[in-house]
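Novice: my_file.tsv is reproduced in full below (TSV, C-alpha atoms).
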chain	number	residue	atom	x	y	z
A	1	MET	CA	7.36	50.56	-31.07
A	2	THR	CA	5.91	53.77	-32.55
A	3	ASP	CA	3.51	55.83	-30.44
A	4	PRO	CA	2.57	52.96	-28.10
A	5	VAL	CA	0.33	55.12	-25.88
A	6	ALA	CA	-1.84	56.16	-28.82
A	7	ARG	CA	-2.04	52.56	-30.01
A	8	ALA	CA	-2.99	51.38	-26.51
A	9	GLN	CA	-5.71	54.04	-26.34
A	10	ALA	CA	-7.10	52.97	-29.71
A	11	LEU	CA	-7.10	49.33	-28.62
A	12	ALA	CA	-8.90	50.28	-25.41
A	13	ASP	CA	-11.50	52.36	-27.26
A	14	ASP	CA	-12.13	49.98	-30.15
A	15	LEU	CA	-11.85	46.52	-28.55
A	16	LEU	CA	-11.59	46.47	-24.77
A	17	PHE	CA	-14.13	49.03	-23.57
A	18	PRO	CA	-17.00	47.89	-25.83
A	19	ALA	CA	-16.64	44.37	-24.37
A	20	ALA	CA	-15.90	45.37	-20.76
A	21	ALA	CA	-19.46	44.92	-19.44
A	22	GLU	CA	-19.69	41.43	-20.96
A	23	VAL	CA	-16.29	40.49	-19.51
A	24	ASP	CA	-17.48	41.54	-16.06
A	25	LEU	CA	-20.76	39.63	-16.49
A	26	LYS	CA	-19.16	36.41	-17.70
A	27	GLY	CA	-16.08	36.67	-15.49
A	28	GLU	CA	-13.82	35.72	-18.39
A	29	VAL	CA	-11.51	37.68	-20.66
A	30	PRO	CA	-11.71	36.47	-24.29
A	31	SER	CA	-8.42	35.18	-25.66
A	32	SER	CA	-8.76	37.65	-28.52
A	33	HIS	CA	-7.98	40.47	-26.06
A	34	PHE	CA	-4.63	38.92	-25.19
A	35	ASP	CA	-3.95	38.13	-28.86
A	36	ALA	CA	-4.47	41.79	-29.68
A	37	LEU	CA	-2.05	42.87	-26.95
A	38	ALA	CA	0.54	40.46	-28.32
A	39	ALA	CA	0.01	41.69	-31.89
A	40	GLU	CA	0.72	45.24	-30.73
A	41	GLY	CA	3.96	44.12	-29.04
A	42	PHE	CA	2.69	44.99	-25.57
A	43	TYR	CA	3.84	41.74	-23.95
A	44	GLY	CA	7.41	42.96	-24.40
A	45	LEU	CA	6.75	46.40	-22.92
A	46	ALA	CA	9.05	45.91	-19.91
A	47	ALA	CA	11.99	44.51	-21.87
A	48	PRO	CA	15.04	46.69	-22.58
A	49	LYS	CA	16.40	47.03	-26.11
A	50	GLU	CA	19.45	44.88	-25.41
A	51	VAL	CA	17.28	41.78	-24.99
A	52	GLY	CA	14.90	42.50	-27.85
A	53	GLY	CA	12.38	44.79	-26.21
A	54	PRO	CA	11.32	48.34	-27.09
A	55	GLY	CA	13.21	49.98	-24.21
A	56	VAL	CA	10.43	52.50	-23.52
A	57	ASP	CA	10.60	55.07	-20.73
A	58	LEU	CA	8.46	55.23	-17.58
A	59	PRO	CA	5.95	57.83	-18.84
A	60	THR	CA	5.26	55.63	-21.87
A	61	ILE	CA	4.78	52.52	-19.73
A	62	VAL	CA	2.43	54.44	-17.43
A	63	GLY	CA	0.48	55.81	-20.41
A	64	VAL	CA	-0.02	52.35	-21.90
A	65	LEU	CA	-1.09	50.83	-18.58
A	66	GLU	CA	-3.57	53.60	-17.81
A	67	ALA	CA	-5.08	53.46	-21.30
A	68	LEU	CA	-5.59	49.69	-21.12
A	69	ALA	CA	-6.99	49.85	-17.58
A	70	GLY	CA	-9.53	52.38	-18.80
A	71	GLY	CA	-10.57	49.91	-21.48
A	72	CYS	CA	-10.95	46.73	-19.41
A	73	LEU	CA	-9.60	46.31	-15.90
A	74	SER	CA	-9.68	42.49	-16.00
A	75	THR	CA	-7.68	42.40	-19.23
A	76	MET	CA	-5.14	44.96	-18.07
A	77	PHE	CA	-4.64	43.44	-14.63
A	78	THR	CA	-4.17	39.92	-15.98
A	79	TRP	CA	-1.72	41.14	-18.63
A	80	VAL	CA	0.30	43.45	-16.37
A	81	GLN	CA	1.38	40.53	-14.14
A	82	HIS	CA	3.39	39.25	-17.12
A	83	HIS	CA	6.03	41.95	-16.94
A	84	GLY	CA	7.61	40.96	-13.64
A	85	LEU	CA	9.01	37.79	-15.17
A	86	VAL	CA	10.07	39.64	-18.31
A	87	ALA	CA	12.04	42.11	-16.18
A	88	GLY	CA	13.46	39.34	-13.98
A	89	LEU	CA	14.72	37.29	-16.91
A	90	ALA	CA	16.05	40.36	-18.71
A	91	ALA	CA	18.28	41.08	-15.69
A	92	THR	CA	19.30	37.54	-14.70
A	93	ASP	CA	22.74	36.06	-15.19
A	94	ARG	CA	21.05	32.71	-15.91
A	95	VAL	CA	21.61	32.83	-19.66
A	96	ASP	CA	19.95	29.45	-20.15
A	97	LEU	CA	16.66	30.62	-18.64
A	98	ARG	CA	16.78	33.93	-20.49
A	99	GLU	CA	17.35	32.24	-23.85
A	100	ARG	CA	14.76	29.57	-23.15
A	101	TYR	CA	11.89	31.84	-22.18
A	102	LEU	CA	12.48	35.55	-22.81
A	103	PRO	CA	11.96	35.77	-26.60
A	104	ALA	CA	8.63	33.95	-26.35
A	105	LEU	CA	7.59	36.11	-23.38
A	106	ILE	CA	8.41	39.30	-25.26
A	107	SER	CA	6.39	38.18	-28.29
A	108	GLY	CA	3.44	37.04	-26.17
A	109	GLU	CA	3.74	33.46	-27.37
A	110	LEU	CA	4.26	32.61	-23.69
A	111	LYS	CA	2.24	34.45	-21.06
A	112	ALA	CA	3.27	34.86	-17.44
A	113	GLY	CA	1.74	35.65	-14.07
A	114	ALA	CA	3.23	36.67	-10.75
A	115	ALA	CA	3.29	35.42	-7.16
A	116	PHE	CA	5.73	37.49	-5.13
A	117	ALA	CA	3.79	39.42	-2.48
A	118	ALA	CA	3.91	36.51	0.00
A	119	VAL	CA	7.62	37.11	0.64
A	120	ILE	CA	7.22	40.75	1.73
A	121	PRO	CA	5.82	40.32	5.28
A	122	THR	CA	7.80	38.85	8.18
A	123	PRO	CA	7.26	36.03	8.78
A	124	PRO	CA	6.77	35.30	5.07
A	125	ARG	CA	3.65	33.58	3.81
A	126	LEU	CA	5.69	31.41	1.44
A	127	ARG	CA	8.88	29.83	2.76
A	128	ALA	CA	11.71	28.03	0.93
A	129	GLU	CA	13.86	25.34	2.55
A	130	ARG	CA	17.13	24.46	0.89
A	131	VAL	CA	17.47	20.77	-0.13
A	132	ASP	CA	19.59	18.86	-2.64
A	133	GLY	CA	18.87	20.13	-6.12
A	134	GLY	CA	16.57	22.97	-5.13
A	135	TYR	CA	14.06	24.05	-2.48
A	136	LEU	CA	10.95	22.77	-0.74
A	137	LEU	CA	8.21	25.39	-0.54
A	138	ASP	CA	5.55	25.66	2.17
A	139	GLY	CA	2.89	28.30	2.63
A	140	GLU	CA	0.63	30.21	0.29
A	141	ALA	CA	0.38	32.73	-2.50
A	142	PRO	CA	-3.00	34.29	-1.65
A	143	PHE	CA	-3.80	35.95	-4.99
A	144	VAL	CA	-2.45	34.76	-8.35
A	145	SER	CA	-4.16	36.19	-11.44
A	146	GLY	CA	-4.41	34.65	-14.90
A	147	TRP	CA	-4.56	30.98	-13.87
A	148	GLY	CA	-5.61	28.97	-16.90
A	149	VAL	CA	-4.39	31.77	-19.17
A	150	ILE	CA	-0.72	31.99	-18.23
A	151	ASP	CA	2.00	29.50	-19.17
A	152	LEU	CA	4.63	30.52	-16.61
A	153	LEU	CA	4.56	31.90	-13.10
A	154	GLN	CA	7.08	34.27	-11.55
A	155	LEU	CA	7.23	32.54	-8.16
A	156	CYS	CA	9.05	34.03	-5.16
A	157	ALA	CA	9.64	32.39	-1.77
A	158	ARG	CA	11.83	33.28	1.20
A	159	ASP	CA	14.78	31.27	2.45
A	160	GLY	CA	15.61	33.16	5.66
A	161	ASP	CA	16.48	36.70	4.57
A	162	THR	CA	16.85	35.76	0.90
A	163	VAL	CA	14.10	35.98	-1.70
A	164	VAL	CA	14.35	33.19	-4.25
A	165	GLY	CA	12.84	34.05	-7.64
A	166	ALA	CA	11.93	31.35	-10.14
A	167	ALA	CA	10.09	30.74	-13.41
A	168	VAL	CA	7.81	27.72	-13.00
A	169	ASP	CA	5.11	26.15	-15.15
A	170	ALA	CA	1.63	27.40	-14.23
A	171	VAL	CA	0.08	23.94	-13.99
A	172	PRO	CA	-1.17	21.69	-11.17
A	173	ALA	CA	1.69	19.80	-9.54
A	174	GLU	CA	2.50	17.65	-6.53
A	175	GLY	CA	2.46	19.78	-3.40
A	176	LEU	CA	0.41	22.55	-5.06
A	177	GLU	CA	-3.26	23.19	-4.29
A	178	VAL	CA	-5.18	25.55	-6.60
A	179	GLN	CA	-8.35	27.19	-5.26
A	180	PRO	CA	-10.36	29.54	-7.54
A	181	LEU	CA	-11.54	32.74	-5.85
A	182	ASP	CA	-14.80	34.69	-6.14
A	183	LEU	CA	-13.93	38.38	-6.34
A	184	VAL	CA	-16.11	41.42	-5.75
A	185	ALA	CA	-14.74	42.97	-8.94
A	186	ALA	CA	-12.58	41.92	-11.89
A	187	GLN	CA	-13.64	38.27	-11.76
A	188	GLY	CA	-12.30	37.96	-15.30
A	189	THR	CA	-8.76	38.04	-13.93
A	190	SER	CA	-9.05	34.29	-13.19
A	191	THR	CA	-7.50	34.79	-9.76
A	192	VAL	CA	-6.71	31.79	-7.56
A	193	HIS	CA	-5.21	30.98	-4.18
A	194	LEU	CA	-2.16	28.71	-4.32
A	195	GLY	CA	-1.29	26.50	-1.35
A	196	PHE	CA	2.18	24.91	-1.16
A	197	THR	CA	3.03	21.79	0.85
A	198	ARG	CA	6.59	20.54	0.33
A	199	TYR	CA	6.44	21.73	-3.27
A	200	PHE	CA	9.77	21.06	-4.97
A	201	LEU	CA	11.36	23.99	-6.78
A	202	ALA	CA	14.33	22.83	-8.83
A	203	ASP	CA	17.50	24.90	-9.06
A	204	ASP	CA	17.25	24.97	-12.85
A	205	ARG	CA	14.12	27.17	-12.58
A	206	VAL	CA	15.68	29.76	-10.23
A	207	TYR	CA	16.61	33.00	-12.01
A	208	GLY	CA	17.74	35.05	-9.00
A	209	LYS	CA	18.31	35.44	-5.27
A	210	THR	CA	17.86	38.84	-3.61
A	211	PRO	CA	18.29	40.06	-0.01
A	212	HIS	CA	14.85	40.64	1.50
A	213	ALA	CA	15.48	44.31	2.32
A	214	GLU	CA	16.61	44.99	-1.25
A	215	PHE	CA	13.60	43.15	-2.65
A	216	VAL	CA	11.17	45.19	-0.53
A	217	ALA	CA	12.87	48.46	-1.49
A	218	GLY	CA	12.65	47.48	-5.15
A	219	ASN	CA	8.88	47.12	-4.95
A	220	THR	CA	8.41	50.89	-5.04
A	221	PHE	CA	8.47	50.75	-8.84
A	222	PRO	CA	5.85	48.00	-9.35
A	223	SER	CA	3.70	49.69	-6.69
A	224	ARG	CA	3.72	52.82	-8.85
A	225	LEU	CA	2.67	50.75	-11.85
A	226	ASN	CA	-0.16	49.16	-9.85
A	227	GLY	CA	-1.48	52.68	-9.36
A	228	CYS	CA	-2.11	52.86	-13.11
A	229	ALA	CA	-5.18	50.65	-12.73
A	230	PRO	CA	-7.32	53.06	-10.64
A	231	LEU	CA	-5.95	56.09	-12.50
A	232	GLY	CA	-6.90	54.54	-15.83
A	233	LEU	CA	-10.40	53.74	-14.58
A	234	ALA	CA	-10.78	57.30	-13.29
A	235	ALA	CA	-9.69	58.73	-16.63
A	236	ARG	CA	-12.28	56.59	-18.46
A	237	ALA	CA	-14.97	57.69	-16.02
Do you think you could lay out the structure here as structure tokens?

Specialist:
Amino acid sequence: MTDPVARAQALADDLLFPAAAEVDLKGEVPSSHFDALAAEGFYGLAAPKEVGGPGVDLPTIVGVLEALAGGCLSTMFTWVQHHGLVAGLAATDRVDLRERYLPALISGELKAGAAFAAVIPTPPRLRAERVDGGYLLDGEAPFVSGWGVIDLLQLCARDGDTVVGAAVDAVPAEGLEVQPLDLVAAQGTSTVHLGFTRYFLADDRVYGKTPHAEFVAGNTFPSRLNGCAPLGLAARA
């Protein structure tokens, strides 16, 4: 990936920013925005070289995120959720899941969202109960962006002091209630509330299990990346 920050800035200037007002008005990001991100290779931004990604450093990642946020916040915020699952599958020892999903996630053929914040507080807002063949999930994921756009969801729930991470299909299912949300800003992110009632999560979709304290400590990095959104908007202003 040559000069990704400059390419992200050009994409923001030429495509995203000219359409940003219309995106806010309609509350919908055109699919052409996501196609353009995929064509530039930006869906693989978080992937290391050993799994087929660009292996870029933190300043480059930050530069790309800030440039895109300054072009269209709804586009950037929907897209940035994708990278949690890319990173999770790049690091997993579940070779079957990595081979099944990671190449298509890196190319942007598959798009992902994220639902992990509900496991951070104690008690957790999304709980996992161990059963034969997997887990039963109860609780909520209050804010999940990209619903209707994404194909997969990085879903995290807590089983005691263990955070269970999984890659699930982002579709309606038994035990899952989807409620669209009206947001004050960035309505184009297609953000929903997910309610879980005895939702079955099969073992074959679980890519990792992490102690809660380690999971919380590891969120320093994504929190830094979240800061790119307001910094990018400020730079555009």

Novice: So which residues fall inside 12 Å of (-10.4, 46.6, -29.9) if we count only C-alpha atoms? Mind giving them as a list in words?

Specialist: Arg7, Ala8, Gln9, Ala10, Leu11, Ala12, Asp13, Asp14, Leu15, Leu16, Phe17, Pro18, Ala19, Ala20, Pro30, Ser32, His33, Phe34, Asp35, Ala36, Leu37, Ala39, Glu40, Leu68, Gly71, Cys72 and Thr75 of chain A

Novice: Using only C-alpha atoms, which residue out of A:Tyr199, A:Leu65, A:Asn219, A:Gln179 lies closest to Gly134 in chain A?

Specialist: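 The answer is A:Tyr199, which sits nearest to Gly134 in chain A.
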
Novice: Any idea what the distance is between CA of Leu176 in chain A and CA of His82 in chain A?

Specialist: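 If I compute the distance from CA of Leu176 in chain A to CA of His82 in chain A, I get 20.8 Å.
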
Novice: Kindly give the distance, in Å, that separates CA of Ala213 in chain A and CA of Gly139 in chain A, rounded to a single decimal.

Specialist: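 CA of Gly139 in chain A lies 20.4 Å from CA of Ala213 in chain A.
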
Novice: Starting from the point (9.1, 23.7, -10.3), work out which residues of protein, DNA or RNA have an atom no more than 10 Å away when counting all atoms listed in the file; state them as a list in words.

Specialist: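 It turns out the residues near that spot are Gly134, Tyr135, Leu136, Leu137, Leu153, Leu155, Ala166, Ala167, Val168, Asp169, Ala170, Val171, Ala173, Glu174, Tyr199, Phe200, Leu201, Ala202, Asp203, Asp204, Arg205 and Val206 of chain A.
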
Novice: Near range 100-103 of chain A, within 10 Å and counting all atoms listed in the file, which residues show up once chain neighbours fewer than 2 positions away are dropped, as an mmCIF file with C-alpha atoms, in the coordinates of the input?

Specialist:
data_model
loop_
_atom_site.group_PDB
_atom_site.id
_atom_site.type_symbol
_atom_site.label_atom_id
_atom_site.label_comp_id
_atom_site.auth_asym_id
_atom_site.auth_seq_id
_atom_site.Cartn_x
_atom_site.Cartn_y
_atom_site.Cartn_z
ATOM 1 C CA GLY A 44 7.410 42.960 -24.400
ATOM 2 C CA ALA A 47 11.990 44.510 -21.870
ATOM 3 C CA VAL A 51 17.280 41.780 -24.990
ATOM 4 C CA GLY A 52 14.900 42.500 -27.850
ATOM 5 C CA GLY A 53 12.380 44.790 -26.210
ATOM 6 C CA LEU A 85 9.010 37.790 -15.170
ATOM 7 C CA VAL A 86 10.070 39.640 -18.310
ATOM 8 C CA ALA A 87 12.040 42.110 -16.180
ATOM 9 C CA GLY A 88 13.460 39.340 -13.980
ATOM 10 C CA LEU A 89 14.720 37.290 -16.910
ATOM 11 C CA ALA A 90 16.050 40.360 -18.710
ATOM 12 C CA VAL A 95 21.610 32.830 -19.660
ATOM 13 C CA ASP A 96 19.950 29.450 -20.150
ATOM 14 C CA LEU A 97 16.660 30.620 -18.640
ATOM 15 C CA ARG A 98 16.780 33.930 -20.490
ATOM 16 C CA LEU A 105 7.590 36.110 -23.380
ATOM 17 C CA ILE A 106 8.410 39.300 -25.260
ATOM 18 C CA SER A 107 6.390 38.180 -28.290
ATOM 19 C CA GLY A 108 3.440 37.040 -26.170
ATOM 20 C CA GLU A 109 3.740 33.460 -27.370
ATOM 21 C CA LEU A 110 4.260 32.610 -23.690
ATOM 22 C CA LEU A 152 4.630 30.520 -16.610
ATOM 23 C CA ALA A 167 10.090 30.740 -13.410
#

Novice: Using only C-alpha atoms, what does the table of range 14-77 of chain A residues within 12 Å of range 220-223 of chain A look like, with each row giving the shortest atom pair and its distance in Å to one decimal, sorted by chain and ascending number, as a tab-separated table?

Specialist:
residue	atom	partner	partner_atom	distance
A:Ala46	CA	A:Pro222	CA	11.2
A:Leu58	CA	A:Phe221	CA	9.8
A:Ile61	CA	A:Pro222	CA	11.4
A:Val62	CA	A:Pro222	CA	10.9
A:Leu65	CA	A:Pro222	CA	11.9

Novice: Quick one: of A:Gly113, A:Gly165, A:Gly148, A:Gly195, who's nearest to Arg125 in chain A, counting only C-alpha atoms?

Specialist: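 Of A:Gly113, A:Gly165, A:Gly148, A:Gly195, the one nearest Arg125 in chain A, counting only C-alpha atoms, is A:Gly195.
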
Novice: Could you work out how far CA of Val184 in chain A lies from CA of Ser31 in chain A, giving the answer in Å with one decimal?

Specialist: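 Pair CA of Ser31 in chain A / CA of Val184 in chain A returns 22.2 Å.
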
Novice: Could you check the closest approach to Lys26 in chain A for each of A:Thr60, A:Ser190, A:Ser145, A:Thr78 and tell me which residue wins, using only C-alpha atoms?

Specialist: A:Ser190

Novice: Output as lines of an AutoDock Vina configuration file the centre and edge lengths (Å, one decimal) of the box along x, y and z of the file that holds every listed atom of range 201-218 of chain A after adding 3 Å on each side.

Specialist:
center_x = 14.7
center_y = 35.6
center_z = -5.3
size_x = 13.1
size_y = 31.6
size_z = 21.2

Novice: Write out as a PyMOL selection string which residues come within 10 Å of range 210-212 of chain A when counting all atoms listed in the file, dropping same-chain ones fewer than 4 positions away.

Specialist: chain A and resi 119-122+158-165+216-218

Novice: Which one is closest to Glu66 in chain A: A:Arg236, A:Cys228, A:Ala185, A:Arg94? Count all atoms listed in the file.

Specialist: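 So, comparing all the options, the nearest one is A:Cys228.
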
Novice: Nearest to Ala114 in chain A: which of A:Val29, A:Leu194, A:Val23, A:Ala128 is it, counting only C-alpha atoms?

Specialist: A:Leu194

Novice: Would you mind listing what lies within 7 Å of Ala115 in chain A as number ranges by chain, with only C-alpha atoms counted and same-chain residues fewer than 4 positions away left out?

Specialist: A: 141, 144, 154-156

Novice: Nearest to Gln187 in chain A among A:Asp132, A:Asp57, A:Glu99, A:Glu28, with distances taken over only C-alpha atoms: which residue is it?

Specialist: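 Of all the options, A:Glu28 lies closest to Gln187 in chain A.
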